[in-house]
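Data block for start20.cif (mmCIF, C-alpha atoms):
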data_upload
loop_
_atom_site.label_atom_id
_atom_site.label_comp_id
_atom_site.auth_asym_id
_atom_site.auth_seq_id
_atom_site.Cartn_x
_atom_site.Cartn_y
_atom_site.Cartn_z
CA MET P 1 -29.47 4.94 -6.57
CA SER P 2 -31.56 2.98 -4.10
CA PRO P 3 -30.02 0.66 -1.54
CA SER P 4 -29.68 -2.91 -2.66
CA PRO P 5 -28.07 -6.00 -1.18
CA ARG P 6 -24.59 -6.15 -2.59
CA ALA P 7 -24.98 -9.59 -4.10
CA HIS P 8 -27.41 -8.06 -6.60
CA VAL P 9 -25.05 -5.46 -7.91
CA THR P 10 -21.53 -6.83 -7.72
CA THR P 11 -20.51 -9.76 -9.80
CA GLU P 12 -20.41 -13.16 -8.17
CA ARG P 13 -16.63 -13.21 -8.58
CA LEU P 14 -16.09 -9.91 -6.75
CA LYS P 15 -18.52 -10.98 -4.07
CA ARG P 16 -16.48 -14.11 -3.36
CA GLN P 17 -13.27 -12.11 -3.23
CA LEU P 18 -14.77 -9.60 -0.81
CA ASP P 19 -16.24 -12.34 1.38
CA PHE P 20 -12.76 -13.83 1.73
CA ILE P 21 -11.24 -10.41 2.43
CA VAL P 22 -13.79 -9.80 5.19
CA GLU P 23 -13.11 -13.26 6.63
CA LEU P 24 -9.38 -12.46 6.70
CA ASP P 25 -10.04 -9.82 9.33
CA LYS P 26 -10.29 -12.62 11.88
CA LEU P 27 -6.56 -13.33 11.59
CA LYS P 28 -6.09 -10.11 13.57
CA ARG P 29 -7.60 -11.94 16.56
CA ILE P 30 -5.32 -14.98 16.42
CA LEU P 31 -2.67 -14.52 19.09
CA ARG P 32 0.75 -16.13 18.91
CA GLN P 33 2.89 -17.09 21.89
CA THR P 34 5.49 -14.56 20.81
CA LEU P 35 5.34 -11.07 22.25
CA VAL P 36 5.77 -7.91 20.18
CA MET P 37 9.24 -6.51 20.69
CA ASP P 38 8.41 -4.09 23.50
CA GLY P 39 6.98 -7.08 25.39
CA SER P 40 3.65 -5.34 25.96
CA ARG P 41 1.37 -7.96 24.44
CA GLN P 42 1.17 -11.08 22.28
CA GLU P 43 1.67 -10.67 18.57
CA ASN P 44 -1.24 -11.52 16.30
CA SER P 45 -0.86 -13.53 13.12
CA ALA P 46 -1.91 -10.72 10.77
CA GLU P 47 0.73 -8.22 11.87
CA HIS P 48 3.23 -11.11 12.03
CA SER P 49 2.51 -11.89 8.37
CA TRP P 50 3.04 -8.26 7.42
CA HIS P 51 6.39 -8.20 9.19
CA LEU P 52 7.48 -11.33 7.32
CA ALA P 53 6.42 -9.93 3.96
CA VAL P 54 8.58 -6.83 4.40
CA MET P 55 11.44 -9.07 5.56
CA ALA P 56 11.14 -11.05 2.32
CA VAL P 57 11.45 -7.88 0.25
CA LEU P 58 14.58 -6.83 2.15
CA LEU P 59 16.35 -10.11 2.81
CA HIS P 60 15.79 -12.32 -0.23
CA GLU P 61 19.27 -11.42 -1.44
CA HIS P 62 20.62 -13.57 1.40
CA ALA P 63 18.89 -16.74 0.21
CA GLY P 64 21.38 -19.53 -0.44
CA ASP P 65 19.53 -20.77 -3.51
CA ALA P 66 17.90 -18.29 -5.85
CA VAL P 67 14.30 -17.61 -4.84
CA ASP P 68 11.36 -15.94 -6.57
CA VAL P 69 10.69 -13.12 -4.12
CA GLN P 70 7.16 -12.58 -5.43
CA ARG P 71 6.21 -16.16 -4.65
CA VAL P 72 7.92 -16.00 -1.24
CA LEU P 73 5.98 -12.83 -0.54
CA ARG P 74 2.60 -14.29 -1.41
CA MET P 75 3.40 -17.44 0.51
CA LEU P 76 4.18 -15.43 3.64
CA LEU P 77 1.11 -13.22 3.29
CA ILE P 78 -1.19 -16.24 3.43
CA HIS P 79 0.84 -18.84 5.37
CA ASP P 80 -1.11 -18.35 8.60
CA VAL P 81 -4.62 -17.85 7.20
CA VAL P 82 -5.63 -21.39 8.20
CA GLU P 83 -5.23 -20.33 11.84
CA ILE P 84 -8.53 -18.47 11.54
CA ASP P 85 -10.17 -21.88 11.93
CA ALA P 86 -7.35 -24.03 13.29
CA GLY P 87 -5.84 -21.61 15.82
CA ASP P 88 -2.16 -20.97 16.45
CA THR P 89 -0.17 -23.93 17.75
CA PHE P 90 2.83 -23.08 19.93
CA CYS P 91 5.82 -24.42 18.05
CA TYR P 92 7.49 -25.89 21.16
CA ASP P 93 4.37 -27.71 22.32
CA ALA P 94 4.34 -31.23 20.88
CA ALA P 95 1.07 -32.20 22.59
CA ALA P 96 -0.84 -29.32 21.01
CA SER P 97 0.53 -30.32 17.63
CA VAL P 98 -1.48 -33.56 17.63
CA GLY P 99 -4.23 -33.27 15.04
CA LYS P 100 -2.83 -29.95 13.83
CA GLU P 101 -2.33 -31.17 10.28
CA GLU P 102 -5.91 -32.38 9.93
CA ARG P 103 -7.33 -29.21 11.54
CA GLU P 104 -5.34 -27.04 9.17
CA ARG P 105 -6.27 -29.08 6.11
CA ARG P 106 -9.96 -28.61 6.87
CA ALA P 107 -9.36 -24.91 7.53
CA ALA P 108 -7.60 -24.50 4.19
CA GLU P 109 -10.51 -26.17 2.46
CA ARG P 110 -13.11 -23.88 3.97
CA LEU P 111 -11.17 -20.61 3.90
CA PHE P 112 -9.49 -20.75 0.51
CA GLY P 113 -12.69 -22.32 -0.80
CA LEU P 114 -14.42 -18.97 -0.30
CA LEU P 115 -12.41 -17.61 -3.25
CA PRO P 116 -13.12 -17.99 -6.97
CA GLY P 117 -11.72 -21.28 -8.32
CA GLU P 118 -8.28 -20.41 -9.63
CA GLN P 119 -7.51 -17.99 -6.78
CA ALA P 120 -8.55 -20.63 -4.27
CA GLN P 121 -6.21 -23.06 -6.00
CA GLU P 122 -3.30 -20.61 -6.10
CA PHE P 123 -3.53 -19.87 -2.36
CA ARG P 124 -4.03 -23.51 -1.46
CA ASP P 125 -0.98 -24.50 -3.51
CA LEU P 126 1.14 -21.75 -1.98
CA TRP P 127 0.12 -22.77 1.51
CA GLU P 128 0.85 -26.45 0.87
CA GLU P 129 4.20 -25.56 -0.65
CA PHE P 130 5.04 -23.50 2.43
CA GLU P 131 4.08 -26.36 4.73
CA ALA P 132 6.02 -28.99 2.75
CA ARG P 133 9.26 -26.94 2.95
CA GLU P 134 10.70 -28.61 -0.13
CA THR P 135 11.15 -25.89 -2.73
CA ALA P 136 13.77 -23.17 -2.35
CA ASP P 137 10.97 -20.57 -2.10
CA ALA P 138 9.26 -22.46 0.72
CA GLN P 139 12.52 -23.08 2.56
CA PHE P 140 13.39 -19.43 2.47
CA ALA P 141 9.87 -18.39 3.53
CA ASN P 142 10.07 -20.79 6.47
CA ALA P 143 13.54 -19.48 7.35
CA LEU P 144 12.16 -15.94 7.60
CA ASP P 145 9.30 -17.16 9.78
CA ARG P 146 11.83 -18.70 12.18
CA LEU P 147 14.12 -15.68 12.02
CA GLN P 148 11.32 -13.32 12.99
CA GLY P 149 10.59 -15.42 16.09
CA LEU P 150 14.26 -15.24 16.98
CA LEU P 151 14.33 -11.45 16.57
CA GLN P 152 11.26 -11.07 18.80
CA ASN P 153 12.81 -13.23 21.50
CA TYR P 154 16.18 -11.55 21.21
CA HIS P 155 14.62 -8.13 21.72
CA ASN P 156 12.55 -9.39 24.62
CA ALA P 157 15.59 -10.73 26.45
CA GLY P 158 14.58 -14.26 25.49
CA GLY P 159 10.91 -13.62 26.34
CA THR P 160 9.05 -16.70 25.14
CA TRP P 161 12.04 -19.00 25.54
CA ARG P 162 12.54 -17.86 29.09
CA LEU P 163 8.85 -18.04 29.94
CA HIS P 164 8.50 -21.61 28.73
CA GLY P 165 11.98 -22.83 29.73
CA ILE P 166 12.98 -23.62 26.16
CA THR P 167 16.54 -24.99 25.98
CA ARG P 168 19.34 -23.88 23.68
CA ASP P 169 19.08 -27.17 21.79
CA GLN P 170 15.37 -26.71 21.28
CA VAL P 171 15.91 -23.26 19.85
CA LEU P 172 18.75 -24.47 17.62
CA ASN P 173 16.51 -27.26 16.37
CA ARG P 174 13.67 -24.84 15.71
CA MET P 175 15.98 -22.48 13.81
CA ARG P 176 17.63 -25.24 11.77
CA PRO P 177 15.66 -24.49 8.54
CA ILE P 178 17.60 -21.23 8.35
CA GLN P 179 20.90 -23.11 8.06
CA ASN P 180 20.15 -24.49 4.59
CA ALA P 181 18.08 -21.58 3.36
CA SER P 182 20.63 -18.89 4.14
CA PRO P 183 24.19 -19.42 5.42
CA GLU P 184 24.46 -15.65 5.92
CA LEU P 185 21.41 -15.46 8.17
CA TRP P 186 22.47 -18.65 9.95
CA LYS P 187 25.69 -17.00 11.14
CA TYR P 188 23.57 -14.29 12.70
CA VAL P 189 21.22 -16.81 14.31
CA LEU P 190 24.06 -18.71 15.99
CA GLN P 191 25.43 -15.52 17.36
CA VAL P 192 22.09 -14.43 18.85
CA ILE P 193 21.53 -17.83 20.44
CA ASP P 194 25.01 -17.76 21.94
CA GLU P 195 24.40 -14.32 23.31
CA VAL P 196 21.00 -15.10 24.82
CA TYR P 197 22.11 -18.41 26.35
CA ALA P 198 25.48 -17.13 27.57
CA ASP P 199 23.64 -14.83 29.93
CA SER P 200 21.78 -17.83 31.10
CA ASP P 201 19.44 -17.82 33.94
CA LEU P 202 17.42 -19.55 31.23
CA ILE P 203 16.23 -22.76 32.80
CA ALA P 204 17.38 -26.08 31.37
CA SER P 205 14.14 -27.88 30.70
CA THR P 206 12.90 -31.20 29.50
CA GLY P 207 10.10 -29.59 27.46
CA ASP P 208 9.44 -31.39 24.19
CA GLY P 209 10.52 -28.94 21.53
CA LYS P 210 9.64 -30.90 18.42
CA ASP P 211 9.44 -28.61 15.39
CA MET I 1 31.45 -20.14 19.50
CA SER I 2 31.65 -17.45 22.15
CA PRO I 3 29.06 -14.71 22.50
CA SER I 4 29.86 -11.59 20.54
CA PRO I 5 27.99 -8.39 19.81
CA ARG I 6 26.22 -8.91 16.53
CA ALA I 7 27.79 -5.95 14.78
CA HIS I 8 31.09 -7.83 14.87
CA VAL I 9 29.89 -10.88 13.05
CA THR I 10 27.20 -9.87 10.60
CA THR I 11 28.00 -7.66 7.67
CA GLU I 12 27.21 -3.98 7.98
CA ARG I 13 24.59 -4.39 5.27
CA LEU I 14 22.70 -7.14 7.07
CA LYS I 15 22.97 -5.22 10.32
CA ARG I 16 21.24 -2.22 8.74
CA GLN I 17 18.50 -4.40 7.29
CA LEU I 18 17.88 -6.06 10.66
CA ASP I 19 17.88 -2.73 12.50
CA PHE I 20 15.13 -1.53 10.16
CA ILE I 21 13.20 -4.79 10.59
CA VAL I 22 13.35 -4.43 14.36
CA GLU I 23 12.23 -0.80 14.10
CA LEU I 24 9.25 -1.90 11.98
CA ASP I 25 7.85 -3.72 15.00
CA LYS I 26 6.68 -0.35 16.31
CA LEU I 27 4.08 -0.10 13.55
CA LYS I 28 2.14 -2.73 15.52
CA ARG I 29 1.58 -0.08 18.19
CA ILE I 30 0.20 2.60 15.87
CA LEU I 31 -3.57 2.60 16.25
CA ARG I 32 -5.93 3.77 13.54
CA GLN I 33 -9.38 5.26 14.11
CA THR I 34 -10.91 2.30 12.31
CA LEU I 35 -12.04 -0.68 14.34
CA VAL I 36 -11.35 -4.28 13.37
CA MET I 37 -14.47 -5.82 11.89
CA ASP I 38 -15.83 -7.35 15.07
CA GLY I 39 -15.67 -3.88 16.60
CA SER I 40 -13.64 -5.09 19.58
CA ARG I 41 -10.67 -2.75 19.25
CA GLN I 42 -8.87 -0.27 17.02
CA GLU I 43 -6.93 -1.65 14.10
CA ASN I 44 -3.17 -1.14 14.08
CA SER I 45 -1.25 -0.06 11.00
CA ALA I 46 0.79 -3.26 10.67
CA GLU I 47 -2.18 -5.62 10.42
CA HIS I 48 -3.93 -3.04 8.22
CA SER I 49 -0.98 -3.14 5.81
CA TRP I 50 -1.12 -6.93 5.69
CA HIS I 51 -4.81 -6.84 4.87
CA LEU I 52 -4.18 -4.41 2.02
CA ALA I 53 -1.36 -6.52 0.61
CA VAL I 54 -3.59 -9.58 0.33
CA MET I 55 -6.31 -7.40 -1.21
CA ALA I 56 -3.84 -6.28 -3.88
CA VAL I 57 -3.06 -9.89 -4.79
CA LEU I 58 -6.76 -10.71 -5.10
CA LEU I 59 -8.23 -7.55 -6.59
CA HIS I 60 -5.66 -6.14 -9.01
CA GLU I 61 -7.66 -7.65 -11.87
CA HIS I 62 -10.29 -4.98 -11.19
CA ALA I 63 -7.91 -2.07 -11.78
CA GLY I 64 -9.17 0.21 -14.54
CA ASP I 65 -5.66 0.80 -15.91
CA ALA I 66 -3.15 -2.03 -15.95
CA VAL I 67 -1.09 -2.08 -12.76
CA ASP I 68 2.09 -3.85 -11.74
CA VAL I 69 0.79 -5.88 -8.83
CA GLN I 70 4.28 -6.41 -7.39
CA ARG I 71 4.85 -2.67 -7.12
CA VAL I 72 1.37 -2.12 -5.68
CA LEU I 73 2.09 -4.81 -3.13
CA ARG I 74 5.39 -3.32 -2.00
CA MET I 75 3.85 0.13 -1.90
CA LEU I 76 1.08 -1.09 0.39
CA LEU I 77 3.45 -3.01 2.65
CA ILE I 78 5.40 0.15 3.45
CA HIS I 79 2.85 2.94 2.92
CA ASP I 80 2.24 3.47 6.64
CA VAL I 81 5.79 2.96 7.97
CA VAL I 82 6.25 6.72 8.44
CA GLU I 83 3.53 6.58 11.11
CA ILE I 84 6.10 5.03 13.46
CA ASP I 85 7.43 8.56 13.92
CA ALA I 86 4.58 10.70 12.59
CA GLY I 87 1.60 8.87 14.10
CA ASP I 88 -1.68 8.08 12.37
CA THR I 89 -3.77 11.05 11.29
CA PHE I 90 -7.52 10.51 11.21
CA CYS I 91 -8.50 11.04 7.59
CA TYR I 92 -11.61 13.07 8.43
CA ASP I 93 -9.78 15.41 10.80
CA ALA I 94 -8.53 18.44 8.86
CA ALA I 95 -7.02 20.11 11.91
CA ALA I 96 -4.81 17.13 12.73
CA SER I 97 -3.63 17.09 9.12
CA VAL I 98 -1.80 20.39 9.57
CA GLY I 99 1.92 19.72 9.51
CA LYS I 100 1.32 16.09 8.58
CA GLU I 101 3.31 16.34 5.38
CA GLU I 102 6.38 17.74 7.10
CA ARG I 103 6.15 15.23 9.98
CA GLU I 104 5.93 12.36 7.54
CA ARG I 105 8.77 13.63 5.38
CA ARG I 106 11.07 13.72 8.39
CA ALA I 107 9.87 10.27 9.44
CA ALA I 108 10.61 8.86 5.99
CA GLU I 109 14.09 10.31 6.14
CA ARG I 110 14.91 8.73 9.46
CA LEU I 111 13.16 5.39 9.02
CA PHE I 112 14.03 4.50 5.44
CA GLY I 113 17.46 5.99 6.13
CA LEU I 114 18.16 3.05 8.43
CA LEU I 115 18.37 0.81 5.34
CA PRO I 116 21.32 0.30 2.98
CA GLY I 117 21.41 2.99 0.28
CA GLU I 118 19.51 1.49 -2.63
CA GLN I 119 16.88 -0.18 -0.45
CA ALA I 120 16.35 3.10 1.39
CA GLN I 121 15.88 4.78 -1.99
CA GLU I 122 13.48 2.12 -3.27
CA PHE I 123 11.21 2.36 -0.21
CA ARG I 124 11.37 6.15 -0.16
CA ASP I 125 10.42 6.30 -3.85
CA LEU I 126 7.56 3.85 -3.38
CA TRP I 127 6.21 5.81 -0.44
CA GLU I 128 6.42 9.11 -2.30
CA GLU I 129 4.72 7.58 -5.31
CA PHE I 130 1.92 6.31 -3.07
CA GLU I 131 1.47 9.72 -1.51
CA ALA I 132 1.49 11.57 -4.85
CA ARG I 133 -1.32 9.36 -6.25
CA GLU I 134 -0.30 10.05 -9.83
CA THR I 135 0.75 6.72 -11.33
CA ALA I 136 -1.75 3.95 -12.01
CA ASP I 137 -0.01 1.78 -9.40
CA ALA I 138 -0.31 4.47 -6.73
CA GLN I 139 -3.91 5.24 -7.63
CA PHE I 140 -4.88 1.61 -7.31
CA ALA I 141 -2.95 1.21 -4.05
CA ASN I 142 -4.75 4.25 -2.65
CA ALA I 143 -8.07 2.89 -3.86
CA LEU I 144 -7.51 -0.33 -1.91
CA ASP I 145 -6.60 1.66 1.18
CA ARG I 146 -9.92 3.51 0.94
CA LEU I 147 -11.86 0.35 0.13
CA GLN I 148 -10.54 -1.41 3.22
CA GLY I 149 -11.75 1.47 5.40
CA LEU I 150 -15.16 1.16 3.77
CA LEU I 151 -15.30 -2.58 4.39
CA GLN I 152 -14.40 -2.10 8.06
CA ASN I 153 -17.10 0.52 8.49
CA TYR I 154 -19.66 -1.49 6.57
CA HIS I 155 -19.11 -4.51 8.79
CA ASN I 156 -19.24 -2.36 11.92
CA ALA I 157 -22.60 -0.90 10.98
CA GLY I 158 -20.90 2.36 10.02
CA GLY I 159 -18.67 2.29 13.13
CA THR I 160 -16.20 5.14 12.66
CA TRP I 161 -18.54 7.17 10.46
CA ARG I 162 -21.28 6.93 13.04
CA LEU I 163 -18.96 7.66 15.95
CA HIS I 164 -17.62 10.82 14.37
CA GLY I 165 -20.80 11.91 12.59
CA ILE I 166 -19.24 11.69 9.14
CA THR I 167 -21.73 12.62 6.41
CA ARG I 168 -22.50 10.70 3.25
CA ASP I 169 -20.80 13.41 1.19
CA GLN I 170 -17.68 13.21 3.29
CA VAL I 171 -17.50 9.47 2.78
CA LEU I 172 -18.15 9.82 -0.96
CA ASN I 173 -15.37 12.36 -1.15
CA ARG I 174 -13.00 10.14 0.79
CA MET I 175 -13.78 7.18 -1.46
CA ARG I 176 -13.48 9.18 -4.70
CA PRO I 177 -10.01 7.82 -5.62
CA ILE I 178 -11.67 4.45 -6.16
CA GLN I 179 -13.83 5.87 -8.95
CA ASN I 180 -10.94 6.38 -11.34
CA ALA I 181 -8.83 3.48 -10.19
CA SER I 182 -11.54 0.85 -10.58
CA PRO I 183 -15.04 1.35 -12.03
CA GLU I 184 -15.91 -2.17 -10.88
CA LEU I 185 -15.01 -1.50 -7.25
CA TRP I 186 -16.67 1.93 -7.43
CA LYS I 187 -20.03 0.33 -8.20
CA TYR I 188 -19.67 -1.69 -5.03
CA VAL I 189 -18.65 1.37 -2.99
CA LEU I 190 -21.73 3.35 -4.06
CA GLN I 191 -23.92 0.49 -3.12
CA VAL I 192 -22.42 0.15 0.37
CA ILE I 193 -22.69 3.88 1.02
CA ASP I 194 -26.32 3.85 -0.09
CA GLU I 195 -27.05 0.95 2.17
CA VAL I 196 -25.33 2.40 5.24
CA TYR I 197 -26.84 5.87 4.81
CA ALA I 198 -30.32 4.62 3.87
CA ASP I 199 -30.61 3.15 7.33
CA SER I 200 -29.65 6.51 8.63
CA ASP I 201 -29.65 7.41 12.20
CA LEU I 202 -26.22 8.54 11.08
CA ILE I 203 -26.00 12.13 12.17
CA ALA I 204 -25.66 14.88 9.61
CA SER I 205 -22.62 16.75 10.80
CA THR I 206 -20.58 19.77 9.98
CA GLY I 207 -17.32 17.93 10.65
CA ASP I 208 -14.53 18.99 8.33
CA GLY I 209 -13.96 15.93 6.24
CA LYS I 210 -11.16 17.13 4.00
CA ASP I 211 -9.47 14.12 2.39
#
Can the structure in the file be given as structure tokens, please?
Amino acid sequence: MSPSPRAHVTTERLKRQLDFIVELDKLKRILRQTLVMDGSRQENSAEHSWHLAVMAVLLHEHAGDAVDVQRVLRMLLIHDVVEIDAGDTFCYDAAASVGKEERERRAAERLFGLLPGEQAQEFRDLWEEFEARETADAQFANALDRLQGLLQNYHNAGGTWRLHGITRDQVLNRMRPIQNASPELWKYVLQVIDEVYADSDLIASTGDGKD
Amino acid sequence: MSPSPRAHVTTERLKRQLDFIVELDKLKRILRQTLVMDGSRQENSAEHSWHLAVMAVLLHEHAGDAVDVQRVLRMLLIHDVVEIDAGDTFCYDAAASVGKEERERRAAERLFGLLPGEQAQEFRDLWEEFEARETADAQFANALDRLQGLLQNYHNAGGTWRLHGITRDQVLNRMRPIQNASPELWKYVLQVIDEVYADSDLIASTGDGKD
């Protein structure tokens, strides 16, 4: 077989799927504010999404309302893909959040638009559902996203919170989606926050912790 | 609410699940031989697993035999977890593969053993099924694992292959599981290999490329 540009051999459909898959690699370069648990470096959004997906498999039994774990899983796998174009916005930084919605909408259009029609639509719908936080699936997916941030901070002795002077109320506010999505997980969250802020040389701050 | 050690408040079951989830963070430190597609650094096994999971969602339609995408997905999410204890073994390095099986078996015992009984069993079974490559689900999951390595190398101008002087036959042999699992993807694989090795300042080598 002689070499040939792949577009000639593979079907157009497979080509679009592979183009998207190659593009996804860039999510490995998007760094979050959160540190990995040994504190050695920032976490990237690809490994973060993997962590959340495994959490969904293990923890969906704790959802307050019944959830479809397969939908939650897919939602979490792709919830950060828009960051490839739009970047990661630090959740406690209100200023950086300006224009975020529009940036992410354009990103979703370009990135999911690489896929064949109905797959593009499925991913777009899942992402919008995640962002809207209205369905039980989306609320639980968002709860896991918050919980993972809490776990990272807990195991870094309050790493990001400490670094940015995030107050107890800001963290509570940020974690609030867990309260409705899972009373069981919420009990745990309260306990971690109490523990981290009891030992508090954490600075009281006036930082604007919207979201 | 006063601070209290978490074991006192959360149920034993949730505690075990969270301990495992915290342990999982270490997979972000396990580096593979493969580079991320921009060639800037080695890929870690956590982000690799995320990439594969999304590939399963998108590409399962190309499986030769019908597969259960949900099982393939879970299999891929946890297929590398044993590397937390056993490390990553370079697939073209036969010497390093000695003792791999026993190392990974012990790792599976300890790591999955952190989980509550039936979840430990589910993950252990999925991992063993992946390793055995006998079921259609496992064969397809393995095919995606190989395909991702090919994509990384293709987009790095043969990066790892070039670096280690891996021959065309070694790559073909490594990719062989794709042939049965997906004739459609196999066509693409042959074409990429032809393209990379046509432009060949790739060194012919005597490296032992078992597996």
Resolved residues for the PyMOL selection byres ((chain I and resi 59-63) around 8) as a VMD selection string: (chain P and resid 17) or (chain I and resid 55 to 58 64 to 67 69 140 181 to 185)
Export of the given selection (C-alpha atoms) as a compact mmCIF listing (two decimals), in the coordinates of the input:
# COMPACT_ATOMS: atom_id res chain seq x y z
CA GLN P 17 -13.27 -12.11 -3.23
CA MET I 55 -6.31 -7.40 -1.21
CA ALA I 56 -3.84 -6.28 -3.88
CA VAL I 57 -3.06 -9.89 -4.79
CA LEU I 58 -6.76 -10.71 -5.10
CA GLY I 64 -9.17 0.21 -14.54
CA ASP I 65 -5.66 0.80 -15.91
CA ALA I 66 -3.15 -2.03 -15.95
CA VAL I 67 -1.09 -2.08 -12.76
CA VAL I 69 0.79 -5.88 -8.83
CA PHE I 140 -4.88 1.61 -7.31
CA ALA I 181 -8.83 3.48 -10.19
CA SER I 182 -11.54 0.85 -10.58
CA PRO I 183 -15.04 1.35 -12.03
CA GLU I 184 -15.91 -2.17 -10.88
CA LEU I 185 -15.01 -1.50 -7.25
Counting only C-alpha atoms, a student should be able to say which residues of chain P come within 6 Å of chain I; what is the right answer, written as number ranges by chain? P: 3, 46-47, 50, 194-195
Hits from the PyMOL selection byres ((chain P and resi 83) around 8), listed as a list in words: Leu27, Ile30, Asp80, Val81, Val82, Ile84, Asp85, Ala86, Gly87, Asp88, Glu104 and Ala107 of chain P
Rounded to one decimal in Å, what is the spacing between atom CA of Trp186 of chain I and atom CA of Glu122 of chain P?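 Calculated distance between atom CA of Trp186 of chain I and atom CA of Glu122 of chain P is 26.2 Å.
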So what do you get for atom CA of Thr135 of chain P versus atom CA of Arg71 of chain I, distance-wise?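 Spanning atom CA of Thr135 of chain P to atom CA of Arg71 of chain I is a straight-line distance of 24.5 Å.
In this comparison, which uses all atoms listed in the file, the residue of I:Asn142, I:Gly159, I:Gly117, I:Tyr154 approaching Met175 of chain I most closely is I:Asn142.
Coordinates place atom CA of Leu144 of chain I at a distance of 24.9 Å from atom CA of Asp68 of chain P.
Among I:Ala120, I:Ala132, I:Ile178, I:Leu31, the residue with the shortest atom-to-atom distance to Leu147 of chain I, counting only C-alpha atoms, is I:Ile178.
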Min atom-atom distance to Ile166 of chain P from the set P:Asp125, P:Asn153, P:Arg103, P:Arg32, counting all atoms listed in the file, belongs to P:Asn153
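Shortest atom-to-atom contact with Leu150 of chain P among P:Arg13, P:Leu35, P:Phe130, P:Gln42: P:Leu35, counting all atoms listed in the file.
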Reconstruct N, CA, C and O atoms of segment 46-57 of chain I from the incomplete input and present them as a PDB file, keeping the file's coordinate frame.
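Saved to part-v6.pdb:
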ATOM      1  N   ALA I  46       0.068  -2.097  11.203  1.00  0.00           N
ATOM      2  CA  ALA I  46       0.790  -3.260  10.670  1.00  0.00           C
ATOM      3  C   ALA I  46      -0.192  -4.290  10.117  1.00  0.00           C
ATOM      4  O   ALA I  46      -0.067  -4.740   8.969  1.00  0.00           O
ATOM      5  N   GLU I  47      -1.191  -4.632  10.893  1.00  0.00           N
ATOM      6  CA  GLU I  47      -2.180  -5.620  10.420  1.00  0.00           C
ATOM      7  C   GLU I  47      -3.013  -5.041   9.269  1.00  0.00           C
ATOM      8  O   GLU I  47      -3.399  -5.755   8.347  1.00  0.00           O
ATOM      9  N   HIS I  48      -3.256  -3.734   9.316  1.00  0.00           N
ATOM     10  CA  HIS I  48      -3.930  -3.040   8.220  1.00  0.00           C
ATOM     11  C   HIS I  48      -3.138  -3.200   6.915  1.00  0.00           C
ATOM     12  O   HIS I  48      -3.701  -3.492   5.857  1.00  0.00           O
ATOM     13  N   SER I  49      -1.824  -3.037   7.000  1.00  0.00           N
ATOM     14  CA  SER I  49      -0.980  -3.140   5.810  1.00  0.00           C
ATOM     15  C   SER I  49      -0.984  -4.560   5.252  1.00  0.00           C
ATOM     16  O   SER I  49      -0.961  -4.769   4.035  1.00  0.00           O
ATOM     17  N   TRP I  50      -1.017  -5.527   6.140  1.00  0.00           N
ATOM     18  CA  TRP I  50      -1.120  -6.930   5.690  1.00  0.00           C
ATOM     19  C   TRP I  50      -2.432  -7.162   4.936  1.00  0.00           C
ATOM     20  O   TRP I  50      -2.441  -7.754   3.856  1.00  0.00           O
ATOM     21  N   HIS I  51      -3.500  -6.660   5.494  1.00  0.00           N
ATOM     22  CA  HIS I  51      -4.810  -6.840   4.870  1.00  0.00           C
ATOM     23  C   HIS I  51      -4.810  -6.263   3.450  1.00  0.00           C
ATOM     24  O   HIS I  51      -5.283  -6.883   2.499  1.00  0.00           O
ATOM     25  N   LEU I  52      -4.242  -5.066   3.326  1.00  0.00           N
ATOM     26  CA  LEU I  52      -4.180  -4.410   2.020  1.00  0.00           C
ATOM     27  C   LEU I  52      -3.333  -5.195   1.027  1.00  0.00           C
ATOM     28  O   LEU I  52      -3.658  -5.272  -0.161  1.00  0.00           O
ATOM     29  N   ALA I  53      -2.238  -5.763   1.509  1.00  0.00           N
ATOM     30  CA  ALA I  53      -1.360  -6.520   0.610  1.00  0.00           C
ATOM     31  C   ALA I  53      -2.091  -7.726   0.021  1.00  0.00           C
ATOM     32  O   ALA I  53      -2.003  -8.003  -1.175  1.00  0.00           O
ATOM     33  N   VAL I  54      -2.829  -8.432   0.857  1.00  0.00           N
ATOM     34  CA  VAL I  54      -3.590  -9.580   0.330  1.00  0.00           C
ATOM     35  C   VAL I  54      -4.676  -9.086  -0.626  1.00  0.00           C
ATOM     36  O   VAL I  54      -4.940  -9.700  -1.664  1.00  0.00           O
ATOM     37  N   MET I  55      -5.298  -7.965  -0.300  1.00  0.00           N
ATOM     38  CA  MET I  55      -6.310  -7.400  -1.210  1.00  0.00           C
ATOM     39  C   MET I  55      -5.707  -7.103  -2.578  1.00  0.00           C
ATOM     40  O   MET I  55      -6.342  -7.334  -3.612  1.00  0.00           O
ATOM     41  N   ALA I  56      -4.481  -6.591  -2.598  1.00  0.00           N
ATOM     42  CA  ALA I  56      -3.840  -6.280  -3.880  1.00  0.00           C
ATOM     43  C   ALA I  56      -3.667  -7.548  -4.713  1.00  0.00           C
ATOM     44  O   ALA I  56      -3.937  -7.553  -5.919  1.00  0.00           O
ATOM     45  N   VAL I  57      -3.246  -8.631  -4.067  1.00  0.00           N
ATOM     46  CA  VAL I  57      -3.060  -9.890  -4.790  1.00  0.00           C
ATOM     47  C   VAL I  57      -4.380 -10.347  -5.403  1.00  0.00           C
ATOM     48  O   VAL I  57      -4.429 -10.794  -6.541  1.00  0.00           O
TER      49      VAL I  57
END
